[in-house]
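For reference, the structure is listed below as structure tokens.
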Amino acid sequence: MSHPENAAEFLKDQAKSKWHDETLWFVRDKRDRISKTIPEWEELRNLASGIKDNVLANLGSYLEDFERNAQKNGIQVHWAKDGEEHNQIVLDILQKQNCNAIVKSKSILTEECHLNPFLEKHGVDVVDTDLGERIVQLLHQPPSHIVLPAIHLKKGEISALFHEKLLTEKGNEDPAYLTQAARLHLREKFLKAKVALTGVNFGVAETGEFVVCTNEGNADMGVHLADVHIASMGIEKIIPRRKDLGVFLRLLARSATGQPVTNYNSHFRSPSPGKELHIILVDNGRTAQLAREKFKNSLKCIRCGACMNTCPIYRRSGGFSYDSTVPGPIGSILSPGLDMKKHSTLPFASTLCGSCSDVCPVKINIHEQLFEWRQEITKTHGEMGKGLSMKLANGIFKSPLAYKISGNLMRAALKALPDSLIYHPINAWGKGRNLPETPKESFQQWYQKNRS
Amino acid sequence: MSSRENILAAIKGIAVEQKALPEIPDFGVQGELTETFIQSILGNKGEVLSKVEFESWLPKAGFSKIVSLSFHFPEASTLTLPEDPHELEDLGLAILDGQFGVAENGAIWLEDDNLGLRALPFITEHLVIVLDRKNLVETMHQGYNRIADAVSGFGVFIAGPSKTADIEQSLVIGAHGAKSLRVVLV
């Protein structure tokens with residue numbers, strides 16, 4: 001289904017979609033307030049963007065540095081060209097351990113690779129341990145937001161789910177009570193786990209270490225109790241120096257949720273004695289995106305989600321309307337590179353207001369890339385729904401006489417015509433919008449009467 | 001070709017304009033260091049205690065299972081650190097020494113040497129980190145300058161208790177890790 005069709009589905013529950021809109025705006029507002037407390041905020045964004053520019057220009061050598069240093073530290077480094085290869089590497093490690101269960105902390109990359117269904121098909125019990133991710137996993141849904149995976153759900157729905165799956169009290173919707181139930185449920189999983197998987201926020205080339213940030217502590221609970229830690233990392237997550245972490249950790253949580261830093265920021269450099277540490281470096285379309293001059297900057301993304309929280313379309317249409325692993329503005333410039341046909345409506349799911357670019361901590365020109373993708377898509381797939389009306393409008397605006405006549409006609413017509421005609425499906429602008437009330441006269445007529 | 005060679009060859013074949021790596025200025029914070037740090041910890045839903053306050057709190061809190069690796073409170077332990085972290089499943093309190101704290105956000109740096117077992121600050125029900133007032137820095141930039149080239153298999157910035165807001169954005173303390181963080185400034 002296209003983005004507009006999915007969005008229409010989400011908007012059917014008006015009270016919930018209004019709540020969704022307001023809640024994400026609240027997160028955006030928190031981000032604004034905390035960023036204003038840092039006088040050098042804009043300088044930090046410039047630095048982060050500059051560091052990432054340097055990374056994109058030297059990606060190969062940084063990856064080789066990272067690999068060499070990580071191996072020196074006792075980390076086993078794997079490379080995967082795509083999701084399929086990544087998933088097979090994870091399965092091989094599990095099978096070598098004779099293990100048929102895995103606990104995972106948040107990793108958008110494994111969502112992108114569709115790791116969970118692959119492992120489940122091979123008889124592996126997969127447990128997502130971030131609370132939001134566990135909730136959507138129990139509902140057999142993907143996350144609807146990269147930082148707030150269950151933001152599309154109300155506590156009543158989560159209460160009903162936990163009553164069914166975790167045997168909590170029927171009707172108890174208290175978030176503290178529900179969280180405690182999940183804590184007990186997941187602690188059991190942590191204590192039994194032999195293999196734990198995490199994502200990676202940053203990989204440091206000069207040291208071969210990598211950093212994982214969480215608020216819940218679930219990544220650490222998983223990996224420190226397990227014998228084997230697997231970390232899945234997109235190749236663009238590399239940064240050159242350890243001190244660059246200072247810039248990125250100052251920006252990440254403030255941009256994501258408006259907090260000064262995540263409560264746990266774990267730096268993994270070598271395995272605990274007797275344990276194994278694996279890292280999988282994944283391409284899956286990233287080198288192809290790097291080769292697209294207009295779109296390569298999208299690889300700077302540090303997955304904070306700020307562009308989603310601010311986006312007037314995302315807030316009102318919900319994460320599922322994008323039908324892509326990464327939704328929202330950044331997803332709409334990443335996903336067409338992976339499958340242009342499937343994601344052809346996403347770059348149009350934007351007002352091009354530019355708010356996404358304004359909040360982006362690494363200064364990706366998201367709205368400009370959305371506009372660029374529109375042109376690519378139109379070239380490949382032809383005009384979209386508004387093509388006919390645009391052509392008509394073009395003819396009218398070109399000729400002053402046609403403009404004058406049609407203005408008079410429209411003012412009369414909009415008053416006289418029945419709604420069924422004005423809001424006919426052929427008029428894309430009438431969908432979900434009220435047309436403005438028409439004035440009695442044109443501006444030109446008004447000016448001649450009053451000012452000339 | 002292996003995937004490694006494929007990926008590296010693909011990157012090599014792409015001409016990306018060279019951009020110099022920027023130098024990072026030594027940004028500081030406005031305001032008094034200790035007070036800024038305390039406010040940051042409070043904002044992260046932690047607590048800050050003096051040594052005296054901590055010493056009067058500890059017996060009253062009534063923990064039966066305590067592991068203390070702090071040089072300031074070695075006698076507080078009621079059990080020795082096991083080899084297997086699974087045995088810490090019902091640990092009530094861990095007391096650890098932090099290396100330094102960052103005023104701008106309350107993050108406290110700990111390495112393997114401070115942790116004994118990496119699982120310790122996460123699996124414990126409650127966490128106390130002891131920090132010398134002299135070891136406060138302004139921002140993360142000074143924090144990483146301080147870490148410099150130190151080599152530890154694992155290091156972590158802990159800034160507060162385990163928390164989540166995944167249910168309707170309602171903040172709940174105590175998701176999977178420690179349900180509270182008390183920082184003792186000595």
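Naming works like this for the structure tokens: A, B, ... for the chains as they're shown, residue 1 at the start of each chain, ligands 1 onward in shown order.
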
Test item: residues at most 8 Å from Thr168 (chain A), only C-alpha atoms, excluding those fewer than 4 positions along its chain, as a PDB file with N, CA and C atoms, in the first residue's frame:
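As written to disk, selection_12.pdb reads:
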```pdb
ATOM      1  N   SER A 159      -1.594  -3.089  28.267  1.00  0.00           N
ATOM      2  CA  SER A 159      -2.144  -3.787  29.420  1.00  0.00           C
ATOM      3  C   SER A 159      -2.845  -5.079  28.989  1.00  0.00           C
ATOM      4  N   PHE A 162      -0.184  -7.631  27.906  1.00  0.00           N
ATOM      5  CA  PHE A 162       0.551  -8.213  29.028  1.00  0.00           C
ATOM      6  C   PHE A 162      -0.352  -9.138  29.848  1.00  0.00           C
ATOM      7  N   HIS A 163      -1.632  -8.795  29.918  1.00  0.00           N
ATOM      8  CA  HIS A 163      -2.566  -9.684  30.620  1.00  0.00           C
ATOM      9  C   HIS A 163      -2.583 -11.051  29.943  1.00  0.00           C
ATOM     10  N   GLU A 164      -2.590 -11.019  28.621  1.00  0.00           N
ATOM     11  CA  GLU A 164      -2.644 -12.272  27.874  1.00  0.00           C
ATOM     12  C   GLU A 164      -1.306 -13.028  27.919  1.00  0.00           C
ATOM     13  N   ASN A 172      -5.223  -3.483  34.558  1.00  0.00           N
ATOM     14  CA  ASN A 172      -4.216  -2.646  35.217  1.00  0.00           C
ATOM     15  C   ASN A 172      -3.332  -1.998  34.152  1.00  0.00           C
ATOM     16  N   LEU A 178       3.223  -2.340  34.734  1.00  0.00           N
ATOM     17  CA  LEU A 178       3.478  -3.100  33.511  1.00  0.00           C
ATOM     18  C   LEU A 178       4.984  -3.247  33.263  1.00  0.00           C
ATOM     19  N   ALA A 181       6.412  -5.899  35.490  1.00  0.00           N
ATOM     20  CA  ALA A 181       6.082  -7.241  34.980  1.00  0.00           C
ATOM     21  C   ALA A 181       7.044  -7.630  33.865  1.00  0.00           C
TER      22      ALA A 181
END
```

Just want the 6 Å neighbourhood of region 44-52 of chain B, counted on only C-alpha atoms, with same-chain residues fewer than 6 positions away dropped. Output as a VMD selection string. chain B and resid 160 181 to 186

N, CA and C atoms of the current selection, written as a CSV table (one decimal), in the first residue's frame:
```csv
chain,number,residue,atom,x,y,z
B,160,GLY,N,22.6,7.5,35.5
B,160,GLY,CA,21.4,7.4,36.3
B,160,GLY,C,20.9,6.0,36.5
B,181,LEU,N,20.1,5.0,41.6
B,181,LEU,CA,21.5,5.3,41.6
B,181,LEU,C,21.8,6.4,42.6
B,182,ARG,N,22.6,6.1,43.6
B,182,ARG,CA,23.0,7.1,44.6
B,182,ARG,C,24.5,7.4,44.3
B,183,VAL,N,24.8,8.7,44.2
B,183,VAL,CA,26.2,9.1,44.0
B,183,VAL,C,26.7,9.7,45.3
B,184,VAL,N,27.8,9.1,45.9
B,184,VAL,CA,28.3,9.6,47.1
B,184,VAL,C,29.5,10.5,46.8
B,185,LEU,N,29.4,11.8,47.0
B,185,LEU,CA,30.5,12.7,46.7
B,185,LEU,C,31.4,12.7,48.0
B,186,VAL,N,32.7,12.4,47.8
B,186,VAL,CA,33.6,12.4,49.0
B,186,VAL,C,34.7,13.4,48.8
```

Using only C-alpha atoms, determine which residues lie at most 12 Å from Leu93 (chain B), disregarding the query and same-chain residues fewer than 3 positions distant; provide the list as a ChimeraX atom specification. /B:58-59,61-69,76-79,88-90,96,120-129,177-182

How about saving the chosen residues, N, CA and C atoms kept, as a compact mmCIF listing (two decimals), in the first residue's frame?
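The file below, result-v4.txt, is the result:
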```txt
# COMPACT_ATOMS: atom_id res chain seq x y z
N LEU B 58 22.87 3.73 54.86
CA LEU B 58 23.17 2.33 54.54
C LEU B 58 22.58 1.33 55.55
N PRO B 59 22.84 1.48 56.87
CA PRO B 59 22.27 0.50 57.81
C PRO B 59 20.74 0.53 57.83
N ALA B 61 18.80 1.13 55.32
CA ALA B 61 18.23 0.57 54.09
C ALA B 61 18.03 -0.94 54.21
N GLY B 62 18.81 -1.59 55.09
CA GLY B 62 18.56 -2.99 55.41
C GLY B 62 18.84 -4.00 54.29
N PHE B 63 19.88 -3.78 53.51
CA PHE B 63 20.23 -4.76 52.47
C PHE B 63 20.93 -5.95 53.10
N SER B 64 20.55 -7.17 52.68
CA SER B 64 21.25 -8.33 53.22
C SER B 64 22.41 -8.73 52.29
N LYS B 65 22.26 -8.49 51.00
CA LYS B 65 23.33 -8.87 50.07
C LYS B 65 23.96 -7.61 49.45
N ILE B 66 25.20 -7.34 49.85
CA ILE B 66 25.90 -6.15 49.37
C ILE B 66 27.28 -6.57 48.86
N VAL B 67 27.64 -6.05 47.67
CA VAL B 67 29.02 -6.17 47.21
C VAL B 67 29.58 -4.76 47.13
N SER B 68 30.66 -4.51 47.87
CA SER B 68 31.32 -3.21 47.79
C SER B 68 32.73 -3.40 47.27
N LEU B 69 33.02 -2.76 46.14
CA LEU B 69 34.39 -2.76 45.62
C LEU B 69 35.01 -1.38 45.83
N ALA B 76 31.69 -2.58 53.85
CA ALA B 76 30.23 -2.66 53.61
C ALA B 76 29.79 -3.98 52.99
N SER B 77 30.73 -4.72 52.37
CA SER B 77 30.37 -5.97 51.70
C SER B 77 29.82 -7.01 52.67
N THR B 78 28.80 -7.71 52.24
CA THR B 78 28.32 -8.85 53.02
C THR B 78 28.63 -10.15 52.28
N LEU B 79 29.10 -10.05 51.03
CA LEU B 79 29.52 -11.26 50.33
C LEU B 79 30.67 -10.92 49.39
N LEU B 88 24.77 -13.31 41.14
CA LEU B 88 24.41 -11.99 41.67
C LEU B 88 22.93 -11.65 41.41
N GLU B 89 22.21 -12.65 40.96
CA GLU B 89 20.81 -12.47 40.57
C GLU B 89 19.98 -11.72 41.62
N ASP B 90 20.22 -12.03 42.91
CA ASP B 90 19.42 -11.38 43.95
C ASP B 90 20.23 -10.39 44.78
N LEU B 96 30.42 0.96 44.16
CA LEU B 96 31.58 0.99 43.27
C LEU B 96 32.21 2.37 43.27
N LEU B 120 27.96 -6.37 37.09
CA LEU B 120 27.64 -5.91 38.45
C LEU B 120 26.75 -4.66 38.54
N PRO B 121 27.08 -3.55 37.86
CA PRO B 121 26.24 -2.36 38.04
C PRO B 121 24.86 -2.46 37.40
N PHE B 122 24.66 -3.52 36.61
CA PHE B 122 23.38 -3.68 35.90
C PHE B 122 22.46 -4.67 36.62
N ILE B 123 23.06 -5.75 37.11
CA ILE B 123 22.24 -6.81 37.70
C ILE B 123 21.82 -6.46 39.12
N THR B 124 22.60 -5.60 39.79
CA THR B 124 22.26 -5.24 41.16
C THR B 124 20.94 -4.48 41.21
N GLU B 125 20.19 -4.68 42.31
CA GLU B 125 18.89 -4.00 42.38
C GLU B 125 19.08 -2.49 42.61
N HIS B 126 20.09 -2.15 43.39
CA HIS B 126 20.38 -0.73 43.65
C HIS B 126 21.89 -0.50 43.51
N LEU B 127 22.25 0.71 43.09
CA LEU B 127 23.66 1.00 42.80
C LEU B 127 24.09 2.27 43.52
N VAL B 128 25.28 2.19 44.12
CA VAL B 128 25.92 3.38 44.70
C VAL B 128 27.27 3.56 44.01
N ILE B 129 27.52 4.76 43.52
CA ILE B 129 28.85 5.06 42.96
C ILE B 129 29.49 6.15 43.81
N GLY B 177 17.92 -2.71 34.60
CA GLY B 177 19.12 -2.54 35.43
C GLY B 177 18.76 -2.03 36.81
N ALA B 178 19.74 -1.35 37.44
CA ALA B 178 19.55 -0.90 38.83
C ALA B 178 18.35 0.04 38.94
N LYS B 179 17.57 -0.17 40.02
CA LYS B 179 16.36 0.63 40.22
C LYS B 179 16.66 2.00 40.82
N SER B 180 17.87 2.18 41.33
CA SER B 180 18.24 3.50 41.83
C SER B 180 19.74 3.71 41.67
N LEU B 181 20.11 4.98 41.57
CA LEU B 181 21.53 5.34 41.58
C LEU B 181 21.75 6.41 42.64
N ARG B 182 22.62 6.11 43.60
CA ARG B 182 23.04 7.11 44.57
C ARG B 182 24.51 7.41 44.33
```

Using DSSP secondary structure from the backbone, list all strand (DSSP E) positions within region 22-268 of chain A, as a ChimeraX atom specification. /A:76-80,101-104,125-128,195-198,202-204,209-214,228-234,238-239,264-268

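Nearest residue to Gly258 (chain A) among B:Asn105, B:Trp57, B:Ile24, B:Ile41 is B:Asn105, counting only C-alpha atoms.
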
Just how far from CA of Arg133 (chain B) is CA of Glu55 (chain B), in Å to one decimal? 17.3 Å

What's the 7 Å shell around region 17-32 of chain A, counting only C-alpha atoms, without same-chain residues fewer than 4 positions away, as a count of residues only? 14

If the cut-off is 8 Å, can you tell me the residues of chain B near chain A, counting only C-alpha atoms? I'd like them as a VMD selection string. chain B and resid 3 to 4 6 to 8 10 to 12 14 to 22 24 27 44 85 to 86 89 104 to 105 107 118 to 119 122 to 123 140 to 141 143 to 145 148 152 to 164 166 to 170 172 to 177
